[in-house]
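Trainee: Structure incoming, see below.
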Amino acid sequence: MKLKIGIIGCGKAAERHLKIYQTLQDKVEIVGVADINPERAKLFSNALSAKAYTDFEEMLKREPIEVVDLSLPSGLHGKVGKKILKKFRKHLLVEKPLALTLKEAYELVNLSKQYNLKLVTIFQNRANLPVIKVKELLEKGMLGNLILLSIKFYWCRRQAYYDSANWRGTWAQDGGVLAQQGCHFADMMVYLGGKIESVFARMGTFLVNIEAEDLLVGLIKFKNGALGTIEATTCARPKDIKAEVVILGEKGSAIIGGFNMNRLDYIAMEEVVNTEDLIREYKENPNHPLGYSHFVYLSSAIDFFREGLKHPFIVEGEEAIPSLELITGLYESAERGKAVFFPFRTYKCKLGKGV
Ligand SMILES: NC(=O)c1ccc[n+]([C@@H]2O[C@H](COP(=O)([O-])OP(=O)(O)OC[C@H]3O[C@@H](n4cnc5c(N)ncnc54)[C@H](O)[C@@H]3O)[C@@H](O)[C@H]2O)c1
């Protein structure tokens, strides 16, 4: 049986989903698409032979949808997601971030548990081949106890990007580089580094005219004693440079680099002389017309919704909360001007609340 999916939000992110669903036609059927912009809904409806709606509630009332693919502006994930779970009782595949506030994220997780509905967030970089291998090496103790986890991403987003939709770069609907592009890296920080004890951050808005930040630098102390750093920016000019994770353990080191943590640039272990054989198949994501990790992640999510087969990299329910807690903590620290110790009370962080 094909999984019946309804898409809410037919924007840029959903365009990629559309192309992936077109290749998965033996597994999925898109029965409805909804966007407040009728032209976007029509574009998707034509490409997928699905009915177009401008009111997503109307679509959910009329179509036999099992799973909703939610690709709305980030600030709407919480509010609309809650409605989908509570009022319409549908499984939910939500683009990252799960929500912009911890309160809404917990509400989504609790509703999914209460109604026994699956809730998956798209953090496709967990499916990057070098990430899979380094995670495995860390878990097997091959790198020893973690000492340093350093993440740097230097990307370029100009004013035209922020002007392309009125929600981009606003505190209420998006946040800045940390919450928008950086939520993948915050997720990687907790995925590889574990629980967090405290954070300290500074941020600023340097090269574009937006409410939120385009550069944030953070210092992290993990509960396991390791230290972490994050440099998150969309201020690289004239173009994107890289996104890199440096892992130093007591018994080995690794650097996952490339444009988006997609290539293993360095690996060395005290107990393994020849690492080539160990990493051969995991060195770099292969080229894929739809984006390798996005394709693999979405296909695996579909298998999870259809058959309950959960691949270890799939981020289900509350697994999306630690990265949001890290993002909130870093913003809270930058606003307070001092370190924030976990768990913490949020009173200065503007993410999801507006100025
Ligand atoms: N996983 C990734 O790497 C990745 C990449 C890009 C974007 N995203 C995420 O995807 C989400 C969407 O981003 P985008 O770049 O596609 O944004 P976008 O602005 O291109 O698309 C959003 C769409 O939602 C529609 N919309 C807004 N309010 C609506 C409503 N109430 N009902 C129905 N439709 C409505 C808009 O008309 C628009 O077409 C964001 O949360 C973003 O963080 C994830």
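Residue numbering restarts at 1 in every chain; chains get A, B, ... in the order shown in the structure tokens, and ligands count up from 1 in that same order.
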Ligand 1: which residues are within 7 Å, counting only C-alpha atoms and all ligand atoms? Reply as an MDAnalysis selection string.

Mentor: chainID A and resid 8:14 34:37 40 54:56 71:74 95:97 122:124 165 180

Trainee: Would you save the residues of that selection, restricted to N, CA and C atoms, as a tab-separated table (two decimals), in the first residue's frame?

Mentor:
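Here's the written file result17.tsv:
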chain	number	residue	atom	x	y	z
A	8	ILE	N	2.03	20.51	3.19
A	8	ILE	CA	1.60	21.86	3.59
A	8	ILE	C	2.82	22.77	3.52
A	9	GLY	N	2.75	23.76	2.64
A	9	GLY	CA	3.89	24.65	2.38
A	9	GLY	C	4.60	24.18	1.13
A	10	CYS	N	4.41	24.90	0.03
A	10	CYS	CA	4.99	24.49	-1.26
A	10	CYS	C	6.10	25.46	-1.66
A	11	GLY	N	7.03	25.69	-0.76
A	11	GLY	CA	8.12	26.64	-1.02
A	11	GLY	C	9.39	25.94	-1.46
A	12	LYS	N	10.52	26.58	-1.15
A	12	LYS	CA	11.82	26.08	-1.65
A	12	LYS	C	12.18	24.70	-1.08
A	13	ALA	N	12.03	24.54	0.23
A	13	ALA	CA	12.39	23.25	0.83
A	13	ALA	C	11.50	22.15	0.28
A	14	ALA	N	10.21	22.44	0.14
A	14	ALA	CA	9.28	21.42	-0.34
A	14	ALA	C	9.54	21.05	-1.80
A	34	ALA	N	-1.00	22.00	-0.17
A	34	ALA	CA	-1.63	23.25	0.30
A	34	ALA	C	-0.60	24.35	0.46
A	35	ASP	N	-0.96	25.53	-0.03
A	35	ASP	CA	-0.12	26.71	0.18
A	35	ASP	C	-1.04	27.93	0.08
A	36	ILE	N	-0.80	28.93	0.93
A	36	ILE	CA	-1.65	30.13	0.86
A	36	ILE	C	-1.44	30.86	-0.46
A	37	ASN	N	-0.31	30.59	-1.10
A	37	ASN	CA	-0.06	31.16	-2.42
A	37	ASN	C	-0.59	30.16	-3.47
A	40	ARG	N	1.81	28.63	-6.06
A	40	ARG	CA	2.73	27.58	-5.57
A	40	ARG	C	1.98	26.25	-5.43
A	54	THR	N	-5.66	26.09	-0.92
A	54	THR	CA	-5.02	27.27	-0.31
A	54	THR	C	-5.27	27.26	1.21
A	55	ASP	N	-6.17	26.39	1.65
A	55	ASP	CA	-6.46	26.28	3.08
A	55	ASP	C	-6.12	24.83	3.51
A	56	PHE	N	-5.06	24.69	4.30
A	56	PHE	CA	-4.61	23.33	4.63
A	56	PHE	C	-5.65	22.55	5.45
A	71	SER	N	6.27	21.93	5.55
A	71	SER	CA	7.45	22.72	5.15
A	71	SER	C	7.11	24.21	5.15
A	72	LEU	N	6.52	24.65	6.23
A	72	LEU	CA	6.11	26.04	6.37
A	72	LEU	C	7.25	26.87	6.95
A	73	PRO	N	7.16	28.21	6.92
A	73	PRO	CA	8.12	29.03	7.67
A	73	PRO	C	8.26	28.49	9.09
A	74	SER	N	9.50	28.48	9.60
A	74	SER	CA	9.79	27.78	10.86
A	74	SER	C	8.86	28.17	12.02
A	95	GLU	N	9.82	19.74	8.52
A	95	GLU	CA	11.15	20.26	8.20
A	95	GLU	C	11.79	20.80	9.47
A	96	LYS	N	13.10	20.80	9.50
A	96	LYS	CA	13.78	21.39	10.65
A	96	LYS	C	13.51	22.89	10.67
A	97	PRO	N	13.44	23.55	11.80
A	97	PRO	CA	13.45	22.99	13.14
A	97	PRO	C	12.06	22.48	13.54
A	122	ILE	N	13.31	16.68	9.98
A	122	ILE	CA	14.31	16.42	8.92
A	122	ILE	C	15.66	17.05	9.29
A	123	PHE	N	16.57	16.22	9.75
A	123	PHE	CA	17.96	16.64	9.98
A	123	PHE	C	18.83	15.74	9.10
A	124	GLN	N	18.81	16.03	7.80
A	124	GLN	CA	19.40	15.10	6.82
A	124	GLN	C	20.89	14.92	6.96
A	165	ALA	N	11.53	36.37	1.30
A	165	ALA	CA	10.28	36.03	2.01
A	165	ALA	C	10.29	36.83	3.32
A	180	GLN	N	18.43	29.16	11.89
A	180	GLN	CA	18.03	28.79	10.52
A	180	GLN	C	19.02	27.78	9.93

Trainee: A:Gly141: which residues within 10 Å, counting only C-alpha atoms, same-chain residues fewer than 3 positions away excluded, as a list in words?

Mentor: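 So the residues in contact are Lys135, Glu136, Leu137, Leu138, Gly144, Asn145, Leu146, Gly249, Glu250, Lys251 and Gly252 of chain A.
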
Trainee: With N, CA and C atoms retained, export the selected residues as a PDB file, in the first residue's frame.

Mentor:
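Printed below is selection.pdb as written:
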ATOM      1  N   LYS A 135      30.281   8.806  14.031  1.00  0.00           N
ATOM      2  CA  LYS A 135      29.361   8.504  15.146  1.00  0.00           C
ATOM      3  C   LYS A 135      29.610   7.069  15.637  1.00  0.00           C
ATOM      4  N   GLU A 136      29.753   6.148  14.692  1.00  0.00           N
ATOM      5  CA  GLU A 136      29.997   4.740  15.040  1.00  0.00           C
ATOM      6  C   GLU A 136      31.341   4.593  15.778  1.00  0.00           C
ATOM      7  N   LEU A 137      32.380   5.272  15.285  1.00  0.00           N
ATOM      8  CA  LEU A 137      33.702   5.180  15.925  1.00  0.00           C
ATOM      9  C   LEU A 137      33.663   5.754  17.341  1.00  0.00           C
ATOM     10  N   LEU A 138      32.928   6.856  17.501  1.00  0.00           N
ATOM     11  CA  LEU A 138      32.797   7.453  18.841  1.00  0.00           C
ATOM     12  C   LEU A 138      32.086   6.488  19.788  1.00  0.00           C
ATOM     13  N   GLY A 144      38.233   7.291  21.784  1.00  0.00           N
ATOM     14  CA  GLY A 144      38.394   7.568  23.213  1.00  0.00           C
ATOM     15  C   GLY A 144      37.407   8.626  23.683  1.00  0.00           C
ATOM     16  N   ASN A 145      37.566   9.044  24.922  1.00  0.00           N
ATOM     17  CA  ASN A 145      36.651  10.071  25.436  1.00  0.00           C
ATOM     18  C   ASN A 145      36.839  11.378  24.670  1.00  0.00           C
ATOM     19  N   LEU A 146      35.725  12.035  24.435  1.00  0.00           N
ATOM     20  CA  LEU A 146      35.757  13.295  23.684  1.00  0.00           C
ATOM     21  C   LEU A 146      36.424  14.397  24.502  1.00  0.00           C
ATOM     22  N   GLY A 249      39.479  13.273  20.309  1.00  0.00           N
ATOM     23  CA  GLY A 249      39.238  12.374  21.424  1.00  0.00           C
ATOM     24  C   GLY A 249      40.567  11.974  22.046  1.00  0.00           C
ATOM     25  N   GLU A 250      40.511  11.283  23.171  1.00  0.00           N
ATOM     26  CA  GLU A 250      41.758  10.876  23.844  1.00  0.00           C
ATOM     27  C   GLU A 250      42.603   9.927  22.987  1.00  0.00           C
ATOM     28  N   LYS A 251      41.912   9.174  22.094  1.00  0.00           N
ATOM     29  CA  LYS A 251      42.636   8.142  21.323  1.00  0.00           C
ATOM     30  C   LYS A 251      42.570   8.348  19.811  1.00  0.00           C
ATOM     31  N   GLY A 252      42.015   9.469  19.381  1.00  0.00           N
ATOM     32  CA  GLY A 252      41.937   9.670  17.941  1.00  0.00           C
ATOM     33  C   GLY A 252      41.246  10.975  17.598  1.00  0.00           C
TER      34      GLY A 252
END

Trainee: Could you list, as an MDAnalysis selection string, every residue within 6 Å of A:Asp214, counting only C-alpha atoms and ignoring same-chain residues fewer than 3 positions away?

Mentor: chainID A and resid 176:177 205 233:234

Trainee: Residues of the last selection are to be written out with C-alpha atoms, as a CSV table (one decimal), in the first residue's frame.

Mentor:
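Written output follows (selection25.csv):
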chain,number,residue,atom,x,y,z
A,176,GLY,CA,19.3,34.2,12.6
A,177,VAL,CA,22.1,32.0,11.3
A,205,THR,CA,24.4,41.4,12.9
A,233,THR,CA,27.9,32.7,10.1
A,234,THR,CA,26.3,33.7,6.8

Trainee: Taking 2 positions as the minimum chain separation for residues in the same chain, which residues sit within 7 Å of A:Tyr282 when counting only C-alpha atoms? Answer as a ChimeraX atom specification.

Mentor: /A:129-130,133,279-280,284

Trainee: Tell me, which residues of stretch 134-315 of chain A carry DSSP helix (DSSP H, G or I), written as a tab-separated table (two decimals) with C-alpha atoms, in the first residue's frame?

Mentor:
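Result saved to result.tsv:
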chain	number	residue	atom	x	y	z
A	134	VAL	CA	32.46	9.00	12.97
A	135	LYS	CA	29.36	8.50	15.15
A	136	GLU	CA	30.00	4.74	15.04
A	137	LEU	CA	33.70	5.18	15.92
A	138	LEU	CA	32.80	7.45	18.84
A	139	GLU	CA	30.21	4.99	20.15
A	159	GLN	CA	20.19	40.72	1.65
A	160	ALA	CA	18.35	39.34	-1.41
A	161	TYR	CA	17.99	35.98	0.36
A	162	TYR	CA	16.37	37.62	3.40
A	163	ASP	CA	14.18	39.81	1.20
A	183	CYS	CA	20.13	24.16	13.57
A	184	HIS	CA	21.76	21.36	11.55
A	185	PHE	CA	25.05	22.11	13.32
A	186	ALA	CA	23.47	22.43	16.75
A	187	ASP	CA	21.96	19.02	16.07
A	188	MET	CA	25.39	17.65	15.12
A	189	MET	CA	26.86	19.13	18.31
A	190	VAL	CA	24.46	17.20	20.56
A	191	TYR	CA	24.40	14.11	18.31
A	192	LEU	CA	28.17	13.66	18.54
A	193	GLY	CA	28.90	15.44	21.83
A	276	GLU	CA	41.77	3.54	4.65
A	277	ASP	CA	39.91	0.22	4.71
A	278	LEU	CA	37.82	1.34	7.67
A	279	ILE	CA	36.50	4.47	6.02
A	280	ARG	CA	36.60	3.69	2.29
A	281	GLU	CA	32.84	3.53	1.79
A	282	TYR	CA	32.21	6.45	4.15
A	292	TYR	CA	22.47	12.53	-1.32
A	293	SER	CA	21.61	12.93	2.36
A	294	HIS	CA	18.24	14.57	1.75
A	295	PHE	CA	17.27	11.70	-0.53
A	296	VAL	CA	18.47	9.00	1.87
A	297	TYR	CA	16.90	10.70	4.91
A	298	LEU	CA	13.50	11.28	3.30
A	299	SER	CA	13.40	7.76	1.83
A	300	SER	CA	14.24	6.31	5.25
A	301	ALA	CA	11.58	8.48	6.90
A	302	ILE	CA	9.02	7.12	4.42
A	303	ASP	CA	10.04	3.54	5.35
A	304	PHE	CA	9.60	4.49	9.00
A	305	PHE	CA	6.08	5.83	8.42
A	306	ARG	CA	5.12	2.85	6.25
A	307	GLU	CA	6.69	-0.05	8.08

Trainee: Do you have the atom CA of A:Tyr106-atom CA of A:Lys86 distance handy?

Mentor: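 Separation of atom CA of A:Tyr106 and atom CA of A:Lys86: 13.7 Å.
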
Trainee: Which parts of stretch 30-176 of chain A does DSSP call strand (DSSP E or B) when run on the backbone here, written out as an mmCIF file with C-alpha atoms, in the first residue's frame?

Mentor:
data_model
loop_
_atom_site.group_PDB
_atom_site.id
_atom_site.type_symbol
_atom_site.label_atom_id
_atom_site.label_comp_id
_atom_site.auth_asym_id
_atom_site.auth_seq_id
_atom_site.Cartn_x
_atom_site.Cartn_y
_atom_site.Cartn_z
ATOM 1 C CA ILE A 30 0.743 12.714 -2.754
ATOM 2 C CA VAL A 31 -2.994 13.189 -2.407
ATOM 3 C CA GLY A 32 -3.089 16.916 -1.662
ATOM 4 C CA VAL A 33 -0.889 20.004 -1.562
ATOM 5 C CA ALA A 34 -1.626 23.248 0.297
ATOM 6 C CA LYS A 51 -5.383 18.278 -5.530
ATOM 7 C CA ALA A 52 -4.373 21.886 -4.742
ATOM 8 C CA TYR A 53 -5.655 23.795 -1.694
ATOM 9 C CA VAL A 67 1.204 11.682 6.847
ATOM 10 C CA VAL A 68 1.584 15.451 6.586
ATOM 11 C CA ASP A 69 4.803 16.866 5.141
ATOM 12 C CA LEU A 70 5.083 20.265 6.855
ATOM 13 C CA HIS A 91 1.466 11.506 11.432
ATOM 14 C CA LEU A 92 3.868 14.397 10.910
ATOM 15 C CA LEU A 93 7.094 14.863 8.948
ATOM 16 C CA VAL A 94 8.276 18.360 9.782
ATOM 17 C CA GLU A 95 11.145 20.257 8.202
ATOM 18 C CA LEU A 119 6.673 12.693 14.568
ATOM 19 C CA VAL A 120 9.878 13.041 12.521
ATOM 20 C CA THR A 121 12.063 16.122 11.975
ATOM 21 C CA ILE A 122 14.311 16.424 8.924
ATOM 22 C CA LEU A 146 35.757 13.295 23.684
ATOM 23 C CA ILE A 147 37.891 16.333 24.470
ATOM 24 C CA LEU A 148 36.952 18.915 21.836
ATOM 25 C CA LEU A 149 34.091 19.255 19.382
ATOM 26 C CA SER A 150 34.520 22.303 17.205
ATOM 27 C CA ILE A 151 32.009 23.269 14.531
ATOM 28 C CA LYS A 152 32.543 26.081 12.054
ATOM 29 C CA PHE A 153 30.380 26.981 9.144
ATOM 30 C CA TYR A 154 31.057 29.983 6.971
ATOM 31 C CA CYS A 156 27.103 33.434 2.370
#
